[in-house]
>>> print(open('work_18.cif').read())   # mmCIF, C-alpha atoms
data_start
loop_
_atom_site.label_atom_id
_atom_site.label_comp_id
_atom_site.auth_asym_id
_atom_site.auth_seq_id
_atom_site.Cartn_x
_atom_site.Cartn_y
_atom_site.Cartn_z
CA MET R 1 42.32 34.49 29.15
CA LYS R 2 38.86 36.10 28.97
CA ARG R 3 38.32 34.63 25.49
CA LEU R 4 38.99 31.14 26.82
CA TRP R 5 36.05 31.50 29.25
CA VAL R 6 33.83 32.57 26.36
CA LEU R 7 34.94 29.63 24.17
CA ALA R 8 34.61 26.98 26.89
CA PRO R 9 30.76 26.81 26.81
CA VAL R 10 30.78 26.72 22.99
CA LEU R 11 33.29 23.86 22.99
CA LEU R 12 31.22 22.01 25.57
CA LEU R 13 28.17 22.25 23.27
CA PHE R 14 30.16 20.73 20.40
CA VAL R 15 31.41 17.89 22.62
CA TYR R 16 27.81 16.99 23.50
CA ALA R 17 26.56 17.52 19.93
CA GLU R 18 29.27 15.40 18.23
CA PRO R 19 27.77 11.96 19.08
CA ALA R 20 24.36 13.14 17.84
CA LEU R 21 25.88 14.42 14.59
CA ALA R 22 27.59 11.05 14.09
CA GLN R 23 24.14 9.41 14.24
CA GLY R 24 22.79 11.34 11.27
CA GLY R 25 22.47 14.83 12.74
CA LYS R 26 19.52 14.17 15.06
CA LEU R 27 20.11 16.79 17.76
CA GLN R 28 16.71 16.68 19.40
CA ALA R 29 14.81 14.09 21.39
CA GLU R 30 11.46 13.18 19.87
CA GLY R 31 8.59 11.11 21.17
CA PHE R 32 6.80 10.43 24.42
CA TYR R 33 8.25 11.58 27.78
CA ILE R 34 7.31 11.66 31.45
CA GLY R 35 8.82 13.49 34.38
CA GLY R 36 8.35 15.71 37.34
CA GLY R 37 9.46 18.95 38.86
CA ALA R 38 9.51 20.88 42.08
CA GLY R 39 10.12 24.49 42.92
CA VAL R 40 8.89 27.67 44.52
CA SER R 41 5.73 29.69 43.99
CA LEU R 42 5.58 33.38 44.81
CA THR R 43 1.97 34.23 45.63
CA LYS R 44 0.12 37.48 46.29
CA LEU R 45 -3.56 37.98 46.98
CA ASP R 46 -4.74 41.59 47.08
CA LEU R 47 -8.24 42.86 47.84
CA ASP R 48 -8.96 46.54 47.26
CA GLU R 49 -5.23 47.35 47.35
CA ILE R 50 -4.82 45.57 50.71
CA SER R 51 -2.23 42.82 50.67
CA LEU R 52 -3.88 39.77 52.23
CA ILE R 53 -1.31 37.13 51.17
CA ASP R 54 2.31 37.71 50.20
CA ASP R 55 4.13 34.40 50.65
CA THR R 56 6.30 31.76 49.01
CA SER R 57 5.58 28.06 49.07
CA VAL R 58 6.71 24.75 47.64
CA GLN R 59 5.07 23.42 44.51
CA TRP R 60 5.44 20.20 42.54
CA LYS R 61 4.16 18.77 39.28
CA ALA R 62 3.95 15.45 37.42
CA ILE R 63 4.46 15.74 33.64
CA ALA R 64 3.60 13.70 30.52
CA GLY R 65 4.12 14.90 26.97
CA PHE R 66 4.96 14.21 23.35
CA ARG R 67 7.65 16.09 21.48
CA TRP R 68 8.25 16.66 17.81
CA ARG R 69 11.35 18.47 16.56
CA PHE R 70 10.41 22.09 17.43
CA PHE R 71 7.06 21.56 19.13
CA ALA R 72 5.64 19.61 22.10
CA LEU R 73 2.28 19.03 23.74
CA GLU R 74 2.51 18.64 27.49
CA PHE R 75 0.05 17.81 30.26
CA ASP R 76 0.72 18.01 33.97
CA TYR R 77 -0.87 17.88 37.38
CA ARG R 78 0.47 20.49 39.78
CA SER R 79 -0.04 21.31 43.42
CA LEU R 80 0.77 24.54 45.22
CA SER R 81 1.17 24.04 48.95
CA GLU R 82 -0.48 26.34 51.46
CA VAL R 83 0.41 30.03 51.59
CA ARG R 84 -0.44 32.16 54.61
CA SER R 85 -1.64 35.67 55.35
CA ALA R 86 0.57 38.74 55.11
CA ILE R 87 -1.24 40.11 58.19
CA PRO R 88 0.36 38.83 61.43
CA GLY R 89 -2.09 36.95 63.65
CA SER R 90 -4.49 36.22 60.80
CA GLU R 91 -5.30 32.65 59.73
CA LEU R 92 -6.04 33.42 56.06
CA THR R 93 -4.65 30.62 53.87
CA ALA R 94 -4.77 29.63 50.21
CA GLU R 95 -3.70 26.60 48.21
CA SER R 96 -4.25 25.45 44.64
CA ARG R 97 -4.02 22.31 42.51
CA GLY R 98 -5.07 21.33 39.02
CA PHE R 99 -4.36 20.08 35.53
CA THR R 100 -2.52 21.98 32.80
CA GLY R 101 -2.35 21.43 29.05
CA SER R 102 0.33 23.36 27.18
CA ALA R 103 1.91 23.77 23.78
CA LEU R 104 5.68 24.31 23.78
CA LEU R 105 7.68 25.96 21.01
CA ILE R 106 11.25 24.64 21.23
CA LEU R 107 14.51 25.97 19.84
CA PRO R 108 17.20 23.25 20.11
CA VAL R 109 20.75 24.60 20.36
CA GLY R 110 23.01 21.55 20.60
CA PRO R 111 21.99 19.65 23.73
CA ILE R 112 20.19 22.73 25.12
CA ASP R 113 16.51 23.42 24.43
CA LEU R 114 15.12 26.94 24.82
CA PHE R 115 11.32 26.87 24.99
CA GLY R 116 8.24 28.98 25.44
CA ARG R 117 4.93 27.69 26.77
CA VAL R 118 1.28 28.72 26.49
CA GLY R 119 -1.75 26.76 27.60
CA GLY R 120 -4.73 26.37 29.87
CA HIS R 121 -4.84 25.50 33.57
CA ARG R 122 -7.90 24.03 35.34
CA ALA R 123 -7.37 25.08 38.95
CA THR R 124 -9.15 24.20 42.16
CA SER R 125 -8.22 26.74 44.83
CA ASP R 126 -9.11 26.81 48.53
CA VAL R 127 -9.01 30.26 50.16
CA GLY R 128 -10.32 31.18 53.59
CA PHE R 129 -9.89 31.64 57.32
CA GLY R 130 -9.06 28.62 59.49
CA ALA R 131 -11.32 25.66 58.75
CA SER R 132 -13.86 27.69 56.72
CA LEU R 133 -12.31 27.50 53.24
CA VAL R 134 -14.06 28.51 50.03
CA GLU R 135 -13.32 26.25 47.07
CA THR R 136 -13.24 27.88 43.63
CA LYS R 137 -12.76 26.17 40.27
CA GLU R 138 -11.60 28.16 37.29
CA TRP R 139 -9.87 27.98 33.92
CA ALA R 140 -6.80 30.14 33.57
CA VAL R 141 -4.26 30.96 30.89
CA ILE R 142 -0.71 29.88 31.73
CA TYR R 143 2.45 31.02 29.96
CA GLY R 144 6.17 30.89 30.57
CA GLY R 145 9.50 29.68 29.30
CA GLY R 146 12.69 27.95 30.23
CA LEU R 147 15.55 25.79 29.15
CA GLY R 148 16.41 22.12 29.18
CA LEU R 149 19.69 20.23 29.00
CA ARG R 150 19.40 16.90 27.15
CA LEU R 151 21.71 14.14 28.37
CA GLY R 152 20.68 11.13 26.30
CA PRO R 153 17.10 10.17 27.16
CA VAL R 154 17.16 12.39 30.28
CA THR R 155 16.47 16.12 30.21
CA LEU R 156 17.15 18.50 33.10
CA ARG R 157 14.78 21.43 32.96
CA ALA R 158 14.47 24.88 34.58
CA GLU R 159 11.43 27.03 33.90
CA TYR R 160 9.33 30.02 34.88
CA GLU R 161 5.52 29.93 34.62
CA ARG R 162 2.77 32.45 35.24
CA PRO R 163 -0.82 31.17 35.69
CA GLN R 164 -3.48 33.92 35.52
CA LEU R 165 -5.72 32.77 38.41
CA ASP R 166 -8.51 34.92 39.85
CA ALA R 167 -8.25 33.24 43.27
CA MET R 168 -4.58 34.29 43.56
CA THR R 169 -4.00 37.61 41.87
CA ASP R 170 -0.23 37.42 41.41
CA LEU R 171 1.29 33.94 41.07
CA HIS R 172 4.80 33.20 39.77
CA GLN R 173 6.22 29.66 39.63
CA VAL R 174 9.88 28.68 39.25
CA THR R 175 10.64 24.96 38.95
CA GLY R 176 13.44 22.55 38.21
CA GLY R 177 12.62 19.17 36.79
CA LEU R 178 13.69 15.90 35.24
CA LEU R 179 12.18 14.36 32.08
CA ILE R 180 12.76 10.85 30.72
CA ALA R 181 12.11 10.16 27.00
CA PHE R 182 10.91 6.78 25.72
#
>>> encode(input="work_18.cif", output="C-alpha cells")
Amino acid sequence: MKRLWVLAPVLLLFVYAEPALAQGGKLQAEGFYIGGGAGVSLTKLDLDEISLIDDTSVQWKAIAGFRWRFFALEFDYRSLSEVRSAIPGSELTAESRGFTGSALLILPVGPIDLFGRVGGHRATSDVGFGASLVETKEWAVIYGGGLGLRLGPVTLRAEYERPQLDAMTDLHQVTGGLLIAF
C-alpha cells in the first residue's frame, strides 16, 4: 500500500506529460508571459542588536517575462505593505516597493518546473516614526527559488525570495502566483 502512494505522483506526472509528448516532446512552455502573485513577507529591522521591527505583512507583485527552454528573464514590480514596530506603543513603520529584474534557471520535470532566481532589485523604502518617514532608494541583490505547475498556457507558481535591502535588514518573501503564457 505504501508503494502505491509513492507511485501515484509519478503516474500523475506521466498523465500530464503524455499530451505534450504526443505533440513532438515539447514539455516546456516557451515565449512571453505575464502574471501576478501575492504572499507574505517576514521583515526584521535591527539597530545595534535592538529589534525595532519584527513583523509579517502582505506583499504583491506584477510579473512580465520571456522564457526559453531552461532559462527565463523576468521583470516585476512589487510592493511590501506596511510593517510595524516590535516595541509596543511605538509608531515605527516601514514599507517598500520597487522593480526587480531576474534571471531564472529552470529544470522542467514533466509539467513541474523547479527554478532558481538571481537578480537586482531597485527598492524605494519608507522608514520612520508616524508621519516623519525617511525615504531611501537602493539597489539590492535578490535571490530565491521555487516551483511551478504548468497546466497548458497557465502556470501556478510558489516561490521563496530574499532581497538584501539595507533599509530592512532581514526580509524573506513567500508568494504564490499565476502566470499566463502567450
>>> resolve_selection(input="work_18.cif", expression="the PyMOL selection byres ((chain R and resi 42) around 6)", output="ChimeraX atom specification")
/R:41,43,56,171-172
>>> atom_distance(input="work_18.cif", atom1="atom CA of Lys137 of chain R", atom2="atom CA of Phe99 of chain R")
11.4 Å
>>> resolve_selection(input="work_18.cif", expression="the PyMOL selection byres ((chain R and resi 143) around 10)", output="PDB file with C-alpha atoms, in the coordinates of the input")
ATOM      1  CA  SER R 102       0.330  23.360  27.180  1.00  0.00           C
ATOM      2  CA  ALA R 103       1.910  23.770  23.780  1.00  0.00           C
ATOM      3  CA  LEU R 104       5.680  24.310  23.780  1.00  0.00           C
ATOM      4  CA  GLY R 116       8.240  28.980  25.440  1.00  0.00           C
ATOM      5  CA  ARG R 117       4.930  27.690  26.770  1.00  0.00           C
ATOM      6  CA  VAL R 118       1.280  28.720  26.490  1.00  0.00           C
ATOM      7  CA  GLY R 119      -1.750  26.760  27.600  1.00  0.00           C
ATOM      8  CA  GLY R 120      -4.730  26.370  29.870  1.00  0.00           C
ATOM      9  CA  HIS R 121      -4.840  25.500  33.570  1.00  0.00           C
ATOM     10  CA  ALA R 140      -6.800  30.140  33.570  1.00  0.00           C
ATOM     11  CA  VAL R 141      -4.260  30.960  30.890  1.00  0.00           C
ATOM     12  CA  ILE R 142      -0.710  29.880  31.730  1.00  0.00           C
ATOM     13  CA  GLY R 144       6.170  30.890  30.570  1.00  0.00           C
ATOM     14  CA  GLY R 145       9.500  29.680  29.300  1.00  0.00           C
ATOM     15  CA  TYR R 160       9.330  30.020  34.880  1.00  0.00           C
ATOM     16  CA  GLU R 161       5.520  29.930  34.620  1.00  0.00           C
ATOM     17  CA  ARG R 162       2.770  32.450  35.240  1.00  0.00           C
ATOM     18  CA  PRO R 163      -0.820  31.170  35.690  1.00  0.00           C
ATOM     19  CA  GLN R 164      -3.480  33.920  35.520  1.00  0.00           C
TER      20      GLN R 164
END
>>> atom_distance(input="work_18.cif", atom1="atom CA of Arg97 of chain R", atom2="atom CA of Gly36 of chain R")
14.9 Å
>>> resolve_selection(input="work_18.cif", expression="the PyMOL selection byres ((chain R and resi 178-180) around 10)", output="PDB file with C-alpha atoms, in the coordinates of the input")
ATOM      1  CA  PHE R  32       6.800  10.430  24.420  1.00  0.00           C
ATOM      2  CA  TYR R  33       8.250  11.580  27.780  1.00  0.00           C
ATOM      3  CA  ILE R  34       7.310  11.660  31.450  1.00  0.00           C
ATOM      4  CA  GLY R  35       8.820  13.490  34.380  1.00  0.00           C
ATOM      5  CA  GLY R  36       8.350  15.710  37.340  1.00  0.00           C
ATOM      6  CA  GLY R  37       9.460  18.950  38.860  1.00  0.00           C
ATOM      7  CA  ALA R  38       9.510  20.880  42.080  1.00  0.00           C
ATOM      8  CA  ALA R  62       3.950  15.450  37.420  1.00  0.00           C
ATOM      9  CA  ILE R  63       4.460  15.740  33.640  1.00  0.00           C
ATOM     10  CA  ALA R  64       3.600  13.700  30.520  1.00  0.00           C
ATOM     11  CA  GLY R  65       4.120  14.900  26.970  1.00  0.00           C
ATOM     12  CA  GLY R 148      16.410  22.120  29.180  1.00  0.00           C
ATOM     13  CA  LEU R 149      19.690  20.230  29.000  1.00  0.00           C
ATOM     14  CA  ARG R 150      19.400  16.900  27.150  1.00  0.00           C
ATOM     15  CA  LEU R 151      21.710  14.140  28.370  1.00  0.00           C
ATOM     16  CA  GLY R 152      20.680  11.130  26.300  1.00  0.00           C
ATOM     17  CA  PRO R 153      17.100  10.170  27.160  1.00  0.00           C
ATOM     18  CA  VAL R 154      17.160  12.390  30.280  1.00  0.00           C
ATOM     19  CA  THR R 155      16.470  16.120  30.210  1.00  0.00           C
ATOM     20  CA  LEU R 156      17.150  18.500  33.100  1.00  0.00           C
ATOM     21  CA  ARG R 157      14.780  21.430  32.960  1.00  0.00           C
ATOM     22  CA  ALA R 158      14.470  24.880  34.580  1.00  0.00           C
ATOM     23  CA  GLY R 176      13.440  22.550  38.210  1.00  0.00           C
ATOM     24  CA  GLY R 177      12.620  19.170  36.790  1.00  0.00           C
ATOM     25  CA  ALA R 181      12.110  10.160  27.000  1.00  0.00           C
ATOM     26  CA  PHE R 182      10.910   6.780  25.720  1.00  0.00           C
TER      27      PHE R 182
END
>>> residues_around(input="work_18.cif", residues="Arg69 of chain R", least_positions_apart="2", cutoff="12 Å", atoms="all atoms listed in the file", output="PDB file with C-alpha atoms, keeping the file's coordinate frame")
ATOM      1  CA  LYS R  26      19.520  14.170  15.060  1.00  0.00           C
ATOM      2  CA  LEU R  27      20.110  16.790  17.760  1.00  0.00           C
ATOM      3  CA  GLN R  28      16.710  16.680  19.400  1.00  0.00           C
ATOM      4  CA  ALA R  29      14.810  14.090  21.390  1.00  0.00           C
ATOM      5  CA  GLU R  30      11.460  13.180  19.870  1.00  0.00           C
ATOM      6  CA  GLY R  31       8.590  11.110  21.170  1.00  0.00           C
ATOM      7  CA  PHE R  66       4.960  14.210  23.350  1.00  0.00           C
ATOM      8  CA  ARG R  67       7.650  16.090  21.480  1.00  0.00           C
ATOM      9  CA  PHE R  71       7.060  21.560  19.130  1.00  0.00           C
ATOM     10  CA  ALA R  72       5.640  19.610  22.100  1.00  0.00           C
ATOM     11  CA  LEU R  73       2.280  19.030  23.740  1.00  0.00           C
ATOM     12  CA  LEU R 104       5.680  24.310  23.780  1.00  0.00           C
ATOM     13  CA  LEU R 105       7.680  25.960  21.010  1.00  0.00           C
ATOM     14  CA  ILE R 106      11.250  24.640  21.230  1.00  0.00           C
ATOM     15  CA  LEU R 107      14.510  25.970  19.840  1.00  0.00           C
ATOM     16  CA  PRO R 108      17.200  23.250  20.110  1.00  0.00           C
ATOM     17  CA  VAL R 109      20.750  24.600  20.360  1.00  0.00           C
ATOM     18  CA  ASP R 113      16.510  23.420  24.430  1.00  0.00           C
ATOM     19  CA  PHE R 115      11.320  26.870  24.990  1.00  0.00           C
TER      20      PHE R 115
END
>>> atom_distance(input="work_18.cif", atom1="atom CA of Lys44 of chain R", atom2="atom CA of Lys61 of chain R")
20.4 Å
>>> closest_residue(input="work_18.cif", among="R:Ala123, R:Ser81, R:Asp76, R:Leu114", to="Gly101 of chain R", atoms="all atoms listed in the file")
R:Asp76
>>> residues_around(input="work_18.cif", residues="Leu133 of chain R", least_positions_apart="4", cutoff="9 Å", atoms="all atoms listed in the file", output="PDB file with C-alpha atoms, in the coordinates of the input")
ATOM      1  CA  THR R  93      -4.650  30.620  53.870  1.00  0.00           C
ATOM      2  CA  ALA R  94      -4.770  29.630  50.210  1.00  0.00           C
ATOM      3  CA  ASP R 126      -9.110  26.810  48.530  1.00  0.00           C
ATOM      4  CA  VAL R 127      -9.010  30.260  50.160  1.00  0.00           C
ATOM      5  CA  GLY R 128     -10.320  31.180  53.590  1.00  0.00           C
ATOM      6  CA  PHE R 129      -9.890  31.640  57.320  1.00  0.00           C
TER       7      PHE R 129
END
>>> closest_residue(input="work_18.cif", among="R:Arg78, R:Asp55, R:Trp60, R:Thr175", to="Glu159 of chain R", atoms="only C-alpha atoms")
R:Thr175
